[in-house]
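Enquirer: Got a structure for you, questions after.
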Amino acid sequence: MALQEPFKIYTADNNVEAILLVEMLTSAGIEAFADQDQFWALSTVSQLHRSNVWVEKSSAMKAADLIREFESRKQERAHPDASAAHITVRCEECGKTSSFPESLNGTTQECAHCGAYVDVGTLDGDGQADTAEG
Ligand SMILES: [Zn+2]
């Protein structure tokens, strides 16, 4: 299992992720290997050990596409709320901004800072969430 022109395509956070990636790439027809050093055998330690994933240089482009998909899925899992849209509302009373979930668009909510009523999703004016200090 030697690559003719090894190309380091990815540094995984841990060996488990490296193995997942290698399996994904291999099943897509791309020859891929993860680093195998002495840490590999020590199961508890190996979880924490960053691991490089290598592919044949000629297949690096295709592998990179697959890895981008892998990473976006990984980020969705890590931050399930990150993709959820939030509406930032500037309070007319205190000038501070509060953020509300997209589902409250068009409703009236209370400012998180002073409790005044704010309209969510009706941003007229400059539309820019300037933070007024003081
Ligand atoms: Zn306020």
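Identifiers in the structure tokens: chain A, B, ... in order shown; residue index from 1 per chain; ligand index from 1 in order shown.
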Taking only C-alpha atoms and all ligand atoms and a cut-off of 8 Å, can you tell me which residues surround ligand 1, written as a list in words?

Expert: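 The residues within 8 Å of ligand 1, counting only C-alpha atoms and all ligand atoms, are Arg90, Cys91, Glu92, Glu93, Cys94, Gly95, Lys96, Thr97, Glu110, Cys111, Ala112, His113, Cys114, Gly115, Ala116 and Tyr117 of chain A.
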
Enquirer: DSSP on the backbone, strand (DSSP E) only: what residues of segment 65-97 of chain A does that give? Format it as a PyMOL selection string.

Expert: chain A and resi 86-90+97

Enquirer: Output N, CA and C atoms for every residue in that selection, as a compact mmCIF listing (two decimals), in the first residue's frame.

Expert:
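Everything below was put into selection33.txt:
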# COMPACT_ATOMS: atom_id res chain seq x y z
N HIS A 86 -30.93 33.95 12.12
CA HIS A 86 -31.36 34.78 13.23
C HIS A 86 -31.57 36.21 12.73
N ILE A 87 -32.52 36.88 13.36
CA ILE A 87 -32.80 38.26 12.99
C ILE A 87 -32.27 39.15 14.10
N THR A 88 -31.44 40.10 13.72
CA THR A 88 -30.90 41.03 14.70
C THR A 88 -31.76 42.28 14.72
N VAL A 89 -32.21 42.63 15.90
CA VAL A 89 -33.09 43.78 16.05
C VAL A 89 -32.42 44.81 16.96
N ARG A 90 -32.48 46.06 16.52
CA ARG A 90 -31.93 47.13 17.33
C ARG A 90 -33.06 47.79 18.13
N THR A 97 -28.62 45.73 20.50
CA THR A 97 -29.22 44.76 19.58
C THR A 97 -29.50 43.44 20.30

Enquirer: Work out how far atom CA of Thr108 of chain A is from atom CA of Ala85 of chain A, in Å to one decimal.

Expert: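 Between atom CA of Ala85 of chain A and atom CA of Thr108 of chain A the gap works out to 17.4 Å.
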
Enquirer: Rounded to one decimal, what separation in Å do you get between atom CA of Asn52 of chain A and atom CA of Leu3 of chain A?

Expert: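 Atom-to-atom, atom CA of Asn52 of chain A and atom CA of Leu3 of chain A are spaced 14.0 Å apart.
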
Enquirer: To one decimal place, how far is atom CA of Ser99 of chain A from atom CA of Arg77 of chain A in Å?

Expert: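 Between atom CA of Ser99 of chain A and atom CA of Arg77 of chain A the gap is 22.4 Å.
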
Enquirer: At a cut-off of 8 Å, using only C-alpha atoms, what residues contact segment 56-67 of chain A? Leave out same-chain residues fewer than 2 positions from it and give the result as number ranges by chain.

Expert: A: 3-7, 9-10, 21, 25, 30-32, 54, 69-71

Enquirer: Using only C-alpha atoms, please write the residues we just selected to a file, as an mmCIF file, in the first residue's frame.

Expert:
data_model
loop_
_atom_site.group_PDB
_atom_site.id
_atom_site.type_symbol
_atom_site.label_atom_id
_atom_site.label_comp_id
_atom_site.auth_asym_id
_atom_site.auth_seq_id
_atom_site.Cartn_x
_atom_site.Cartn_y
_atom_site.Cartn_z
ATOM 1 C CA LEU A 3 1.411 5.709 -3.111
ATOM 2 C CA GLN A 4 3.505 6.695 -6.097
ATOM 3 C CA GLU A 5 3.116 10.411 -5.431
ATOM 4 C CA PRO A 6 1.775 10.860 -1.913
ATOM 5 C CA PHE A 7 -0.259 14.021 -1.447
ATOM 6 C CA ILE A 9 -5.072 15.933 1.405
ATOM 7 C CA TYR A 10 -6.327 16.402 4.942
ATOM 8 C CA LEU A 21 -12.300 9.705 5.388
ATOM 9 C CA LEU A 25 -12.449 8.040 -0.429
ATOM 10 C CA ILE A 30 -9.765 6.857 -4.676
ATOM 11 C CA GLU A 31 -6.743 5.221 -3.160
ATOM 12 C CA ALA A 32 -6.282 6.769 0.278
ATOM 13 C CA TRP A 54 -2.848 10.821 2.024
ATOM 14 C CA GLU A 69 -18.606 17.622 1.357
ATOM 15 C CA PHE A 70 -17.377 15.651 4.333
ATOM 16 C CA GLU A 71 -16.366 18.836 6.137
#
